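Note sheet for the following structure.
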Amino acid sequence: MFKLPDNVVLINEKSVYTYSELKEMFPDSKLLCVCDFYVQGAEDGNISDEGITYDGVLNIDHHAPIEQMYKQISSTTLAIDYVKEHGILPSDHKIIINHTDCDAVLSSMIMTGALEPLEIYNDAAIAADHTGVENDISDLLQALQETRDLPFIMENLCHLQDDEKIDTKAEMLLEDRMESREEVKQLVKDGAFSEYNGIYYIGRDEKIESELVPEFLPDAKLVVLASPMPPDSEREWEIKVRLGKNTRDINLKKLNLPDFGCRFNAGSTMRLGGTDIELEEYVRRVYSEISRVYGA
Ligand SMILES: [Mn+2]
């Protein structure tokens, strides 16, 4: 049975947190560490190779808009470097995450010492955040992320690593992910993606995990995926944009895309409540922004 370190706290997921908000949430804790989410203004903190310190808060996070994050780096990369350099965080540190994807789980668990600072975890995080390639750890953790159940996720990661059977529920979620990878493969085979100036795009009723797509479209500069927002939303479309394999030096953060929130390589209209712009029109906007910023 995996014993979850009790200094890891999962808080609500929302698009922007501020330092003062976090300090209000944890008034008794002098030592805070956030893993894998952006806190407003982090880029103005004290930046080192292993993360950012801002007003006493340690940020093991690759979402800040600074040059060193504009590459295939994950929060897990930073956590590994940090622990190798300084050791794990003592138990009086609060380690805060706001979602439970592969990178958030691995980076926080490495900071507590529950996981070793191993390169296999970095490979998993990079597969999850950037390349989408098959990877046992990444596929399991990405498949379980929506449960937001950290003990469940960690227990199944332990099963995987001990060559034991994972939970039935975990098994089902993992199968779903494997199926969606197969689906993407098939959609590409069937020519279901449209293309516009190197941008490959598709609209689907079912959401597609954007990280799974670039691998199967090696010629794509970018991929754009649209699916309907949930029925109770005010706006119509969730549109995701992600850099493809045939891109060099494009940083999505430098583009001014409508209703859009992102890291340098991927983002969506979800964080801003969706968009009413139709997919084709959105793709044209993406292209015109790239032309404006980077030349044709
Ligand atoms: Mn990440």
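Labels for the structure tokens follow display order: chains A, B, ..., residues from 1 in each chain, ligands from 1.
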
Within 10 Å of Leu140 (chain A) using only C-alpha atoms, minus same-chain residues under 2 positions, as a PDB file with N, CA and C atoms, in the first residue's frame:
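Saved result, result_18.pdb, follows:
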```pdb
ATOM      1  N   ASP A 101      -2.033  15.512 -13.532  1.00  0.00           N
ATOM      2  CA  ASP A 101      -1.520  14.837 -14.731  1.00  0.00           C
ATOM      3  C   ASP A 101      -0.136  14.250 -14.423  1.00  0.00           C
ATOM      4  N   CYS A 102       0.433  13.611 -15.431  1.00  0.00           N
ATOM      5  CA  CYS A 102       1.712  12.934 -15.251  1.00  0.00           C
ATOM      6  C   CYS A 102       2.762  13.851 -14.624  1.00  0.00           C
ATOM      7  N   ALA A 124       8.983  10.148 -18.976  1.00  0.00           N
ATOM      8  CA  ALA A 124       7.526  10.021 -18.909  1.00  0.00           C
ATOM      9  C   ALA A 124       6.863  11.397 -19.005  1.00  0.00           C
ATOM     10  N   ASN A 135       4.582   5.460 -23.630  1.00  0.00           N
ATOM     11  CA  ASN A 135       5.461   5.383 -22.468  1.00  0.00           C
ATOM     12  C   ASN A 135       4.591   4.846 -21.325  1.00  0.00           C
ATOM     13  N   ASP A 136       4.996   3.739 -20.740  1.00  0.00           N
ATOM     14  CA  ASP A 136       4.177   3.076 -19.711  1.00  0.00           C
ATOM     15  C   ASP A 136       3.708   4.017 -18.613  1.00  0.00           C
ATOM     16  N   ILE A 137       4.666   4.753 -18.081  1.00  0.00           N
ATOM     17  CA  ILE A 137       4.352   5.606 -16.924  1.00  0.00           C
ATOM     18  C   ILE A 137       3.463   6.761 -17.364  1.00  0.00           C
ATOM     19  N   SER A 138       3.856   7.393 -18.462  1.00  0.00           N
ATOM     20  CA  SER A 138       3.087   8.529 -18.947  1.00  0.00           C
ATOM     21  C   SER A 138       1.674   8.110 -19.347  1.00  0.00           C
ATOM     22  N   GLN A 142      -1.385   9.775 -17.390  1.00  0.00           N
ATOM     23  CA  GLN A 142      -2.288  10.627 -18.176  1.00  0.00           C
ATOM     24  C   GLN A 142      -3.698  10.042 -18.201  1.00  0.00           C
ATOM     25  N   ALA A 143      -3.760   8.718 -18.253  1.00  0.00           N
ATOM     26  CA  ALA A 143      -5.076   8.064 -18.279  1.00  0.00           C
ATOM     27  C   ALA A 143      -5.840   8.295 -16.971  1.00  0.00           C
ATOM     28  N   LEU A 144      -5.120   8.409 -15.871  1.00  0.00           N
ATOM     29  CA  LEU A 144      -5.777   8.529 -14.563  1.00  0.00           C
ATOM     30  C   LEU A 144      -5.955   9.975 -14.103  1.00  0.00           C
ATOM     31  N   GLN A 145      -5.462  10.925 -14.877  1.00  0.00           N
ATOM     32  CA  GLN A 145      -5.399  12.302 -14.377  1.00  0.00           C
ATOM     33  C   GLN A 145      -6.752  12.883 -13.981  1.00  0.00           C
ATOM     34  N   ILE A 153      -3.882   7.197  -7.885  1.00  0.00           N
ATOM     35  CA  ILE A 153      -2.909   7.324  -8.975  1.00  0.00           C
ATOM     36  C   ILE A 153      -1.557   6.747  -8.544  1.00  0.00           C
ATOM     37  N   ASN A 156      -1.478   2.951  -8.179  1.00  0.00           N
ATOM     38  CA  ASN A 156      -1.391   2.244  -9.463  1.00  0.00           C
ATOM     39  C   ASN A 156      -0.035   2.421 -10.128  1.00  0.00           C
ATOM     40  N   LEU A 157       0.569   3.566  -9.920  1.00  0.00           N
ATOM     41  CA  LEU A 157       1.940   3.725 -10.432  1.00  0.00           C
ATOM     42  C   LEU A 157       2.859   2.701  -9.760  1.00  0.00           C
ATOM     43  N   LEU A 160       2.290  -0.667 -11.261  1.00  0.00           N
ATOM     44  CA  LEU A 160       2.952  -0.748 -12.577  1.00  0.00           C
ATOM     45  C   LEU A 160       4.446  -1.010 -12.407  1.00  0.00           C
ATOM     46  N   ILE A 166      -2.726  -3.581 -12.200  1.00  0.00           N
ATOM     47  CA  ILE A 166      -3.309  -2.319 -11.754  1.00  0.00           C
ATOM     48  C   ILE A 166      -4.804  -2.533 -11.495  1.00  0.00           C
ATOM     49  N   ALA A 170      -8.473   1.563 -13.141  1.00  0.00           N
ATOM     50  CA  ALA A 170      -7.283   2.113 -13.805  1.00  0.00           C
ATOM     51  C   ALA A 170      -7.069   1.435 -15.155  1.00  0.00           C
ATOM     52  N   GLU A 171      -7.298   0.145 -15.154  1.00  0.00           N
ATOM     53  CA  GLU A 171      -7.187  -0.649 -16.381  1.00  0.00           C
ATOM     54  C   GLU A 171      -8.106  -0.080 -17.471  1.00  0.00           C
ATOM     55  N   LEU A 173      -9.440   2.941 -17.694  1.00  0.00           N
ATOM     56  CA  LEU A 173      -9.029   4.276 -18.133  1.00  0.00           C
ATOM     57  C   LEU A 173      -7.805   4.190 -19.045  1.00  0.00           C
ATOM     58  N   LEU A 174      -6.915   3.274 -18.709  1.00  0.00           N
ATOM     59  CA  LEU A 174      -5.719   3.091 -19.534  1.00  0.00           C
ATOM     60  C   LEU A 174      -6.101   2.580 -20.927  1.00  0.00           C
ATOM     61  N   GLU A 175      -7.059   1.659 -20.956  1.00  0.00           N
ATOM     62  CA  GLU A 175      -7.531   1.159 -22.251  1.00  0.00           C
ATOM     63  C   GLU A 175      -8.105   2.288 -23.101  1.00  0.00           C
ATOM     64  N   ARG A 177      -7.271   5.341 -23.109  1.00  0.00           N
ATOM     65  CA  ARG A 177      -6.187   6.146 -23.673  1.00  0.00           C
ATOM     66  C   ARG A 177      -5.537   5.420 -24.853  1.00  0.00           C
ATOM     67  N   MET A 178      -5.307   4.127 -24.687  1.00  0.00           N
ATOM     68  CA  MET A 178      -4.700   3.359 -25.772  1.00  0.00           C
ATOM     69  C   MET A 178      -5.612   3.383 -26.999  1.00  0.00           C
TER      70      MET A 178
END
```

Near-Ala266 (chain A) list (9 Å; only C-alpha atoms; drop same-chain fewer than 5 positions) as number ranges by chain: A: 129-130, 210-211, 240-243, 252, 261

Kindly assemble as CSV a list of the region 193-274 of chain A residues that lie within 12 Å of region 56-62 of chain A, each paired with its nearest atom pair and their distance in Å to one decimal, using only C-alpha atoms, sorted first by chain and then by ascending residue number.
```
residue,atom,partner,partner_atom,distance
A:Cys262,CA,A:His62,CA,11.7
A:Arg263,CA,A:His62,CA,8.5
A:Phe264,CA,A:His62,CA,9.8
A:Asn265,CA,A:His62,CA,11.5
```

What are the closest atom pairs, with distances in Å to one decimal, for all residues of chain A lying within 7 Å of ligand 1? Consider only C-alpha atoms and all ligand atoms, order rows by chain and residue number, and present the result as CSV.
```
residue,atom,partner,partner_atom_place_in_ligand_line,distance
A:Asp36,CA,ligand 1,1 (Mn),5.3
A:His62,CA,ligand 1,1 (Mn),6.5
A:Ser74,CA,ligand 1,1 (Mn),5.1
A:Ser75,CA,ligand 1,1 (Mn),5.4
A:Asp103,CA,ligand 1,1 (Mn),4.7
A:Ala104,CA,ligand 1,1 (Mn),6.2
A:Asp129,CA,ligand 1,1 (Mn),5.7
```

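Shortest separation to Tyr19 (chain A) among A:Asp276, A:Asp81, A:Glu183, A:Asp55 occurs at residue A:Asp55, atoms counted being only C-alpha atoms.
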
Which of region 19-171 of chain A DSSP labels strand (DSSP E or B), written as a list in words: Leu32, Cys33, Val34, Cys35, Val39, Asn46, Ile47, Ser48, Gly51, Ile52, Thr53, Tyr54, Val57, Leu58, Asn59, Ile60, Lys94, Ile95, Ile96 and Ile97 of chain A

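With only C-alpha atoms as the atoms that count, the residue of A:Ile277, A:His63, A:Glu215, A:Arg235 with the shortest distance to Ala127 (chain A) is A:Glu215.
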
Close residues, region 119-122 of chain A itself excluded, 7 Å, only C-alpha atoms, min 6 positions apart in chain, as a ChimeraX atom specification: /A:76-77,106

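The coordinates place CA of Ile52 (chain A) at 13.8 Å from CA of Leu31 (chain A).
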
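Comparing the minimum interatomic distances between Tyr201 (chain A) and each of A:Leu279, A:Ala128, A:Leu257, A:Val39, counting only C-alpha atoms, we find that A:Leu279 sits nearest.
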
Members of region 23-194 of chain A assigned alpha helix (DSSP H) by DSSP, as a PyMOL selection string: chain A and resi 23-25+75-86+102-112+119-126+136-144+150-161+168-189

Å distance separating CA of Tyr294 (chain A) from CA of Arg248 (chain A), one decimal place: 10.9 Å

Atomic separation - CA of Glu67 (chain A) relative to CA of Asn246 (chain A), Å: 20.6 Å

Which residues come within 12 Å of region 195-200 of chain A, counting only C-alpha atoms, excluding same-chain residues fewer than 3 positions away, as a compact mmCIF listing (two decimals) with N, CA and C atoms, in the first residue's frame?
```
# COMPACT_ATOMS: atom_id res chain seq x y z
N LEU A 187 -7.62 7.99 -37.82
CA LEU A 187 -8.11 9.25 -38.42
C LEU A 187 -7.08 9.76 -39.42
N VAL A 188 -5.82 9.66 -39.05
CA VAL A 188 -4.76 10.12 -39.96
C VAL A 188 -4.76 9.25 -41.21
N GLY A 191 -7.36 10.05 -43.66
CA GLY A 191 -7.30 11.40 -44.22
C GLY A 191 -8.34 12.33 -43.62
N ALA A 192 -8.67 12.12 -42.36
CA ALA A 192 -9.72 12.92 -41.72
C ALA A 192 -9.27 14.33 -41.33
N GLY A 203 -12.29 18.73 -36.60
CA GLY A 203 -13.36 18.96 -35.63
C GLY A 203 -13.99 17.61 -35.31
N SER A 210 -4.67 16.26 -27.41
CA SER A 210 -3.85 16.84 -28.48
C SER A 210 -2.42 16.28 -28.49
N VAL A 213 -1.52 13.54 -31.05
CA VAL A 213 -1.65 13.76 -32.49
C VAL A 213 -0.33 13.96 -33.26
N PRO A 214 0.57 14.84 -32.80
CA PRO A 214 1.74 15.17 -33.64
C PRO A 214 2.55 13.97 -34.13
N PHE A 216 1.68 11.26 -35.29
CA PHE A 216 1.14 10.62 -36.49
C PHE A 216 1.04 11.58 -37.67
N LEU A 217 1.39 12.84 -37.43
CA LEU A 217 1.35 13.84 -38.52
C LEU A 217 2.71 14.53 -38.58
N PRO A 218 3.73 13.80 -39.02
CA PRO A 218 5.10 14.35 -38.96
C PRO A 218 5.31 15.62 -39.78
N ASP A 219 4.42 15.86 -40.77
CA ASP A 219 4.59 17.06 -41.59
C ASP A 219 3.91 18.29 -41.01
N ALA A 220 3.18 18.09 -39.95
CA ALA A 220 2.39 19.21 -39.41
C ALA A 220 3.28 20.22 -38.70
N LYS A 221 3.08 21.50 -39.03
CA LYS A 221 3.71 22.58 -38.26
C LYS A 221 2.93 22.75 -36.96
N LEU A 222 1.63 22.73 -37.11
CA LEU A 222 0.75 22.82 -35.95
C LEU A 222 -0.43 21.91 -36.14
N VAL A 223 -1.02 21.49 -35.03
CA VAL A 223 -2.30 20.79 -35.11
C VAL A 223 -3.34 21.59 -34.33
N VAL A 224 -4.53 21.64 -34.90
CA VAL A 224 -5.63 22.37 -34.26
C VAL A 224 -6.84 21.43 -34.18
N LEU A 225 -7.38 21.28 -32.99
CA LEU A 225 -8.47 20.33 -32.75
C LEU A 225 -9.64 21.07 -32.14
N ALA A 226 -10.83 20.81 -32.69
CA ALA A 226 -12.02 21.46 -32.12
C ALA A 226 -13.02 20.42 -31.66
N LYS A 240 -8.11 23.41 -29.45
CA LYS A 240 -6.76 23.19 -28.93
C LYS A 240 -5.75 23.41 -30.05
N VAL A 241 -4.66 24.05 -29.72
CA VAL A 241 -3.59 24.27 -30.69
C VAL A 241 -2.32 23.68 -30.10
N ARG A 242 -1.58 22.94 -30.90
CA ARG A 242 -0.33 22.35 -30.40
C ARG A 242 0.71 22.37 -31.51
N LEU A 243 1.95 22.62 -31.13
CA LEU A 243 3.02 22.59 -32.13
C LEU A 243 3.16 21.17 -32.66
N GLY A 244 3.45 21.06 -33.96
CA GLY A 244 3.70 19.75 -34.56
C GLY A 244 5.18 19.45 -34.58
N LYS A 245 5.52 18.34 -35.22
CA LYS A 245 6.93 17.93 -35.24
C LYS A 245 7.74 18.73 -36.25
N ASN A 246 7.04 19.36 -37.20
CA ASN A 246 7.73 20.06 -38.26
C ASN A 246 7.82 21.56 -37.96
N THR A 247 7.99 21.89 -36.69
CA THR A 247 8.04 23.29 -36.29
C THR A 247 9.35 23.57 -35.59
N LEU A 279 -13.99 26.58 -36.31
CA LEU A 279 -12.67 25.97 -36.51
C LEU A 279 -11.89 26.54 -37.70
N GLU A 280 -12.52 26.58 -38.89
CA GLU A 280 -11.79 27.06 -40.09
C GLU A 280 -11.29 28.48 -39.91
N GLU A 281 -12.15 29.30 -39.35
CA GLU A 281 -11.78 30.68 -39.11
C GLU A 281 -10.63 30.75 -38.09
N TYR A 282 -10.70 29.90 -37.09
CA TYR A 282 -9.65 29.89 -36.06
C TYR A 282 -8.31 29.51 -36.68
N VAL A 283 -8.35 28.50 -37.55
CA VAL A 283 -7.13 28.05 -38.23
C VAL A 283 -6.53 29.21 -39.05
N ARG A 284 -7.40 29.94 -39.75
CA ARG A 284 -6.90 31.10 -40.52
C ARG A 284 -6.25 32.14 -39.59
N ARG A 285 -6.84 32.34 -38.44
CA ARG A 285 -6.27 33.30 -37.48
C ARG A 285 -4.91 32.82 -36.98
N VAL A 286 -4.82 31.52 -36.73
CA VAL A 286 -3.54 30.97 -36.27
C VAL A 286 -2.48 31.25 -37.33
N TYR A 287 -2.82 30.95 -38.57
CA TYR A 287 -1.85 31.16 -39.65
C TYR A 287 -1.49 32.64 -39.79
N SER A 288 -2.46 33.51 -39.71
CA SER A 288 -2.13 34.92 -39.90
C SER A 288 -1.29 35.45 -38.73
N ILE A 290 0.92 33.58 -37.09
CA ILE A 290 2.27 33.07 -37.33
C ILE A 290 2.97 33.93 -38.37
N SER A 291 2.24 34.28 -39.42
CA SER A 291 2.82 35.13 -40.47
C SER A 291 3.21 36.48 -39.91
N ALA A 296 6.10 35.01 -43.34
CA ALA A 296 5.32 33.96 -44.00
C ALA A 296 6.09 32.64 -44.09
```

Please provide as a compact mmCIF listing (two decimals) with C-alpha atoms, in the first residue's frame all residues within 9 Å of Met229 (chain A), with the sequence filter that same-chain residues fewer than 3 positions apart are discarded (counting only C-alpha atoms).
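result_29.txt written:
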```txt
# COMPACT_ATOMS: atom_id res chain seq x y z
CA ASP A 232 -23.97 24.32 -20.03
CA SER A 233 -21.17 26.53 -21.40
CA GLU A 234 -21.76 30.00 -22.71
CA ARG A 235 -19.47 29.51 -25.65
CA GLU A 236 -19.43 26.88 -28.32
CA TRP A 237 -15.99 25.45 -29.02
CA GLU A 238 -13.03 24.10 -27.23
CA MET A 270 -10.89 25.95 -22.52
CA GLY A 273 -14.41 29.37 -21.27
CA GLY A 274 -14.27 28.35 -24.94
CA THR A 275 -14.72 30.38 -28.09
```

Residues near Arg271 (chain A), cut-off 8 Å, only C-alpha atoms, skip fewer than 4 positions along chain, as number ranges by chain: A: 14-15, 260-261

Create the file for the chosen residues now, containing N, CA and C atoms and written as a PDB file, in the first residue's frame.
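To be explicit, this is the file written out as selection_37.pdb:
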```pdb
ATOM      1  N   LYS A  14      -7.584  26.220 -11.446  1.00  0.00           N
ATOM      2  CA  LYS A  14      -8.132  27.385 -12.146  1.00  0.00           C
ATOM      3  C   LYS A  14      -6.995  28.029 -12.912  1.00  0.00           C
ATOM      4  N   SER A  15      -7.325  28.967 -13.789  1.00  0.00           N
ATOM      5  CA  SER A  15      -6.293  29.389 -14.736  1.00  0.00           C
ATOM      6  C   SER A  15      -5.167  30.191 -14.092  1.00  0.00           C
ATOM      7  N   PHE A 260      -7.625  32.416 -25.851  1.00  0.00           N
ATOM      8  CA  PHE A 260      -6.651  31.338 -25.804  1.00  0.00           C
ATOM      9  C   PHE A 260      -5.696  31.452 -24.621  1.00  0.00           C
ATOM     10  N   GLY A 261      -5.443  30.333 -23.944  1.00  0.00           N
ATOM     11  CA  GLY A 261      -4.423  30.273 -22.892  1.00  0.00           C
ATOM     12  C   GLY A 261      -3.471  29.131 -23.182  1.00  0.00           C
TER      13      GLY A 261
END
```
